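Worksheet for the structure shown next.
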Amino acid sequence: MVLIAATMPGEMCGVTDYTVRLAAALRGIGIDAVVEFFDRWSFANFMKLKHRYRKNPNAIFHVQYPTLRLGLSVAPGFAPLLVGNSFVTLHEFGTFNVVRKAAFIPSSILSKRIIFSNNEEKARFQRYFPHSHGRLTVMPIGNNIPQLSPRGARVGPERLVYFGQISRNKGVEFFLDTVAQLRSAGASIDVDMIGAMVDSDRDFVDLVRSRSERDKIGLRLSLPADEVSATLNDATIALLPFPDGVSNKRGSALASLEHGATVLTTHSELTPEWLTKVTHPVSSPDNAADLIGRIMAGTAERVLAPETLARELRLRDWAEIARSHVKLYNAKLGDPIATGGAVLDASSPGTKR
C-alpha cells in the first residue's frame, strides 16, 4: 500500500499529516503501508515510483491531493495512466481553478476510486464530471489531535478555549469580543487560545496580544500534539466561530468534541446534520457570551445528542477509517491482495497473512 504526497519532512501540511496518520492506522490493522514523499508533483516522479515498485504488480497507489508543494503540474490527475491500481483522495477540490479541475478528467474515468471528505465536495466533482458517479466515495477525516490520556474529573473554574489558526478571517475577533463581554460581566472563567499565529501580519499579532493581555487570555502557541491534547482535556467549553460555518473539514471542532468540550460554533448551509445536533449554534459575541453564561449556570445543556456524538466520533476513529479504506480497496480490486507481505483483509484487522 503506497500513499503519495508532495511535501518534504518538517513542512506543515494538513493533507500530509492526514496521509501519515492514515498510513500509521493501516499499519495498525496489519497492512504494510508506506508514504512516498515527492519533492514536487511531476510525471517524472510518478515514473520513478512506478519503476521502484516494478517487482510488485499488486501494489496499490493512493494519491493524496493537494499538498503543500502544489505546483503547476497536472500529473496527479493522470495517475491512473502512470501507475496501476490507482486511487485518489481530493481534499479541497472546490478550491481548484478550472485548469486544475480539468486535470482530473483521466482520474474521473480511470481511477479505481475517488475519495472525498464530505458530500459537498463529492457533489461538486460530480457536477463537473457526471460520468464519474460510480467512482466516488466519501470518507470522514480523522481527528488530527487524538486524545492521549483519559479525561479526568473536573476541578477548578470553567475553561474556555479557541483552537485553530490565529489569523484574520478565522473568527478570532468574534472570540476576543466574546471574552471581553464575559470579563465585563465578571464571569469566573479561564480562557486560552490554542494554535499558531501568522507572524507576518504584525498588526493582527499586536491586536491579539494586546487583547489577550487585557482580558487575561492565555496564548498557547505552536504546541506539540500531546500538549494540545492536554490543554483540550482541561477545556470545558470551546468557542469556534468559523466565518463560513462548521463543517466536516473542521478538525479543530472534531478534536474539541473528542476531548469532551461543549462546542459553540457557527452553523451554515455547509454544516452537516450531525454537527447541528452536537454543537450549540452562535451568531454573535453577544449571543455566545449569553450562552456561555447559561452553560456555566446549568440552564443550558453541555452534552447535546450524546448517541449521535458517540456514533460520529467512532466513524472518525483512525482505525475505523483504515478499515474503511481496506474494504474499498478490496471491493475495487477483487480478492484480498498482498502488498509487501500484508494482505488487504478488512475482516481480520491487526493481522498479516
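Chain labels A, B, ... are given in the sequence in which chains occur in the C-alpha cells; within each chain residues are numbered consecutively from 1, and ligands are likewise numbered from 1 in the order shown.
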Could you pull the residues within 8 Å of range 227-235 of chain A, counting only C-alpha atoms, minus those fewer than 6 positions along the same chain, as an MDAnalysis selection string?
chainID A and resid 145:149 151:152 158:161 194 256 259:261
Write down as a ChimeraX atom specification the residues belonging to range 90-213 of chain A that are assigned alpha helix (DSSP H) by DSSP computed on the backbone.
/A:98-102,105-110,119-128,172-184,202-213
What would the file look like if the residues just selected were written as a PDB file, in the first residue's frame with C-alpha atoms?
ATOM      1  CA  VAL A  98     -10.543  25.390 -13.888  1.00  0.00           C
ATOM      2  CA  VAL A  99      -7.255  24.004 -15.227  1.00  0.00           C
ATOM      3  CA  ARG A 100      -6.547  22.070 -12.037  1.00  0.00           C
ATOM      4  CA  LYS A 101     -10.067  20.639 -12.057  1.00  0.00           C
ATOM      5  CA  ALA A 102      -9.756  19.636 -15.718  1.00  0.00           C
ATOM      6  CA  ILE A 105     -10.523  14.101 -16.280  1.00  0.00           C
ATOM      7  CA  PRO A 106      -8.353  10.944 -16.592  1.00  0.00           C
ATOM      8  CA  SER A 107      -8.933  10.128 -12.923  1.00  0.00           C
ATOM      9  CA  SER A 108     -12.673  10.634 -13.325  1.00  0.00           C
ATOM     10  CA  ILE A 109     -12.648   7.914 -15.987  1.00  0.00           C
ATOM     11  CA  LEU A 110      -9.883   5.524 -14.893  1.00  0.00           C
ATOM     12  CA  ASN A 119     -20.705  15.074   0.414  1.00  0.00           C
ATOM     13  CA  GLU A 120     -20.427  18.688  -0.756  1.00  0.00           C
ATOM     14  CA  GLU A 121     -17.035  18.085  -2.364  1.00  0.00           C
ATOM     15  CA  LYS A 122     -18.256  14.844  -3.907  1.00  0.00           C
ATOM     16  CA  ALA A 123     -21.315  16.569  -5.388  1.00  0.00           C
ATOM     17  CA  ARG A 124     -19.154  19.381  -6.775  1.00  0.00           C
ATOM     18  CA  PHE A 125     -16.858  16.897  -8.519  1.00  0.00           C
ATOM     19  CA  GLN A 126     -19.834  15.026  -9.928  1.00  0.00           C
ATOM     20  CA  ARG A 127     -21.253  18.228 -11.409  1.00  0.00           C
ATOM     21  CA  TYR A 128     -18.020  18.687 -13.361  1.00  0.00           C
ATOM     22  CA  VAL A 172     -10.658  35.338  16.158  1.00  0.00           C
ATOM     23  CA  GLU A 173     -12.189  38.805  16.602  1.00  0.00           C
ATOM     24  CA  PHE A 174     -15.547  37.144  17.391  1.00  0.00           C
ATOM     25  CA  PHE A 175     -13.822  35.105  20.104  1.00  0.00           C
ATOM     26  CA  LEU A 176     -11.978  38.112  21.560  1.00  0.00           C
ATOM     27  CA  ASP A 177     -15.177  40.189  21.676  1.00  0.00           C
ATOM     28  CA  THR A 178     -16.994  37.345  23.428  1.00  0.00           C
ATOM     29  CA  VAL A 179     -14.277  37.106  26.079  1.00  0.00           C
ATOM     30  CA  ALA A 180     -14.394  40.883  26.571  1.00  0.00           C
ATOM     31  CA  GLN A 181     -18.118  40.633  27.328  1.00  0.00           C
ATOM     32  CA  LEU A 182     -17.553  37.766  29.762  1.00  0.00           C
ATOM     33  CA  ARG A 183     -14.880  39.796  31.557  1.00  0.00           C
ATOM     34  CA  SER A 184     -17.170  42.832  31.717  1.00  0.00           C
ATOM     35  CA  ARG A 202       2.125  42.296  12.559  1.00  0.00           C
ATOM     36  CA  ASP A 203      -0.971  44.446  13.058  1.00  0.00           C
ATOM     37  CA  PHE A 204      -3.118  41.400  13.751  1.00  0.00           C
ATOM     38  CA  VAL A 205      -0.496  39.824  16.007  1.00  0.00           C
ATOM     39  CA  ASP A 206      -0.306  43.044  18.025  1.00  0.00           C
ATOM     40  CA  LEU A 207      -4.120  43.136  18.276  1.00  0.00           C
ATOM     41  CA  VAL A 208      -4.314  39.565  19.575  1.00  0.00           C
ATOM     42  CA  ARG A 209      -1.502  40.065  22.063  1.00  0.00           C
ATOM     43  CA  SER A 210      -2.878  43.326  23.445  1.00  0.00           C
ATOM     44  CA  ARG A 211      -6.433  41.993  23.778  1.00  0.00           C
ATOM     45  CA  SER A 212      -5.120  38.789  25.354  1.00  0.00           C
ATOM     46  CA  GLU A 213      -3.131  40.727  27.930  1.00  0.00           C
TER      47      GLU A 213
END
Gap from CA of Val282 in chain A to CA of Leu239 in chain A - Å, one decimal
9.0 Å
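Note that the spacing between CA of Gly134 in chain A and CA of Leu82 in chain A amounts to 21.7 Å.
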I need the residues in range 202-275 of chain A that are strand (DSSP E) according to DSSP; give them as a PyMOL selection string.
chain A and resi 217-221+237-240+262-265
Using all heavy atoms, can you export the residues from the last selection as an mmCIF file, in the first residue's frame?
data_model
loop_
_atom_site.group_PDB
_atom_site.id
_atom_site.type_symbol
_atom_site.label_atom_id
_atom_site.label_comp_id
_atom_site.auth_asym_id
_atom_site.auth_seq_id
_atom_site.Cartn_x
_atom_site.Cartn_y
_atom_site.Cartn_z
ATOM 1 N N ILE A 217 -6.164 36.302 28.631
ATOM 2 C CA ILE A 217 -6.288 35.136 27.756
ATOM 3 C C ILE A 217 -4.901 34.514 27.604
ATOM 4 O O ILE A 217 -3.951 35.191 27.197
ATOM 5 C CB ILE A 217 -6.833 35.530 26.367
ATOM 6 C CG1 ILE A 217 -8.220 36.174 26.492
ATOM 7 C CG2 ILE A 217 -6.888 34.316 25.444
ATOM 8 C CD1 ILE A 217 -8.727 36.779 25.187
ATOM 9 N N GLY A 218 -4.777 33.244 27.911
ATOM 10 C CA GLY A 218 -3.517 32.557 27.722
ATOM 11 C C GLY A 218 -3.307 32.199 26.263
ATOM 12 O O GLY A 218 -4.221 31.700 25.601
ATOM 13 N N LEU A 219 -2.122 32.496 25.734
ATOM 14 C CA LEU A 219 -1.789 32.148 24.352
ATOM 15 C C LEU A 219 -0.933 30.895 24.364
ATOM 16 O O LEU A 219 0.232 30.912 24.760
ATOM 17 C CB LEU A 219 -1.054 33.308 23.674
ATOM 18 C CG LEU A 219 -1.861 34.583 23.479
ATOM 19 C CD1 LEU A 219 -1.005 35.676 22.839
ATOM 20 C CD2 LEU A 219 -3.108 34.331 22.634
ATOM 21 N N ARG A 220 -1.500 29.795 23.918
ATOM 22 C CA ARG A 220 -0.801 28.506 23.881
ATOM 23 C C ARG A 220 -0.436 28.257 22.425
ATOM 24 O O ARG A 220 -1.211 27.670 21.666
ATOM 25 C CB ARG A 220 -1.699 27.403 24.442
ATOM 26 C CG ARG A 220 -2.284 27.695 25.830
ATOM 27 C CD ARG A 220 -1.203 27.834 26.887
ATOM 28 N NE ARG A 220 -0.381 26.630 26.970
ATOM 29 C CZ ARG A 220 -0.697 25.553 27.675
ATOM 30 N NH1 ARG A 220 -1.810 25.510 28.372
ATOM 31 N NH2 ARG A 220 0.114 24.509 27.693
ATOM 32 N N LEU A 221 0.747 28.721 22.041
ATOM 33 C CA LEU A 221 1.104 28.792 20.624
ATOM 34 C C LEU A 221 2.042 27.671 20.206
ATOM 35 O O LEU A 221 2.999 27.336 20.907
ATOM 36 C CB LEU A 221 1.755 30.147 20.333
ATOM 37 C CG LEU A 221 0.932 31.381 20.708
ATOM 38 C CD1 LEU A 221 1.706 32.656 20.395
ATOM 39 C CD2 LEU A 221 -0.415 31.382 20.002
ATOM 40 N N ILE A 237 -15.413 24.380 27.644
ATOM 41 C CA ILE A 237 -16.185 24.961 26.542
ATOM 42 C C ILE A 237 -15.213 25.395 25.457
ATOM 43 O O ILE A 237 -14.168 25.983 25.739
ATOM 44 C CB ILE A 237 -17.010 26.189 27.008
ATOM 45 C CG1 ILE A 237 -17.962 25.802 28.157
ATOM 46 C CG2 ILE A 237 -17.796 26.795 25.849
ATOM 47 C CD1 ILE A 237 -18.616 26.999 28.828
ATOM 48 N N ALA A 238 -15.556 25.106 24.201
ATOM 49 C CA ALA A 238 -14.774 25.592 23.058
ATOM 50 C C ALA A 238 -15.663 26.496 22.223
ATOM 51 O O ALA A 238 -16.779 26.113 21.860
ATOM 52 C CB ALA A 238 -14.265 24.429 22.211
ATOM 53 N N LEU A 239 -15.179 27.695 21.938
ATOM 54 C CA LEU A 239 -15.885 28.620 21.054
ATOM 55 C C LEU A 239 -15.116 28.698 19.745
ATOM 56 O O LEU A 239 -13.985 29.184 19.708
ATOM 57 C CB LEU A 239 -15.990 30.013 21.700
ATOM 58 C CG LEU A 239 -16.583 31.122 20.820
ATOM 59 C CD1 LEU A 239 -17.983 30.761 20.332
ATOM 60 C CD2 LEU A 239 -16.594 32.453 21.571
ATOM 61 N N LEU A 240 -15.737 28.208 18.663
ATOM 62 C CA LEU A 240 -15.077 28.105 17.350
ATOM 63 C C LEU A 240 -15.969 28.781 16.308
ATOM 64 O O LEU A 240 -16.701 28.117 15.565
ATOM 65 C CB LEU A 240 -14.860 26.626 16.993
ATOM 66 C CG LEU A 240 -14.188 25.763 18.071
ATOM 67 C CD1 LEU A 240 -14.199 24.302 17.667
ATOM 68 C CD2 LEU A 240 -12.773 26.245 18.345
ATOM 69 N N THR A 262 -17.758 21.205 25.466
ATOM 70 C CA THR A 262 -19.007 21.674 24.885
ATOM 71 C C THR A 262 -18.660 22.678 23.792
ATOM 72 O O THR A 262 -17.989 23.677 24.068
ATOM 73 C CB THR A 262 -19.890 22.342 25.953
ATOM 74 O OG1 THR A 262 -20.170 21.389 26.979
ATOM 75 C CG2 THR A 262 -21.192 22.849 25.348
ATOM 76 N N VAL A 263 -19.090 22.428 22.558
ATOM 77 C CA VAL A 263 -18.652 23.240 21.426
ATOM 78 C C VAL A 263 -19.754 24.214 21.015
ATOM 79 O O VAL A 263 -20.884 23.817 20.728
ATOM 80 C CB VAL A 263 -18.253 22.358 20.227
ATOM 81 C CG1 VAL A 263 -17.953 23.213 18.999
ATOM 82 C CG2 VAL A 263 -17.035 21.508 20.585
ATOM 83 N N LEU A 264 -19.375 25.504 21.008
ATOM 84 C CA LEU A 264 -20.214 26.559 20.464
ATOM 85 C C LEU A 264 -19.599 26.983 19.149
ATOM 86 O O LEU A 264 -18.396 27.280 19.080
ATOM 87 C CB LEU A 264 -20.267 27.765 21.410
ATOM 88 C CG LEU A 264 -21.154 27.692 22.655
ATOM 89 C CD1 LEU A 264 -20.732 26.559 23.581
ATOM 90 C CD2 LEU A 264 -21.119 29.029 23.402
ATOM 91 N N THR A 265 -20.402 27.043 18.093
ATOM 92 C CA THR A 265 -19.844 27.355 16.783
ATOM 93 C C THR A 265 -20.925 27.922 15.875
ATOM 94 O O THR A 265 -22.106 27.957 16.244
ATOM 95 C CB THR A 265 -19.194 26.097 16.163
ATOM 96 O OG1 THR A 265 -18.513 26.454 14.955
ATOM 97 C CG2 THR A 265 -20.226 25.023 15.861
#
I want to know what sits within 9 Å of range 57-69 of chain A, based on only C-alpha atoms, with residues of the same chain fewer than 3 positions away left out; could you give that as a PyMOL selection string?
chain A and resi 1-8+11-16+18-19+38-41+53-54+76+79+83-93+329+337-340
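Taking CA of Lys249 in chain A and CA of Leu309 in chain A as the two end points, the separation is 16.1 Å.
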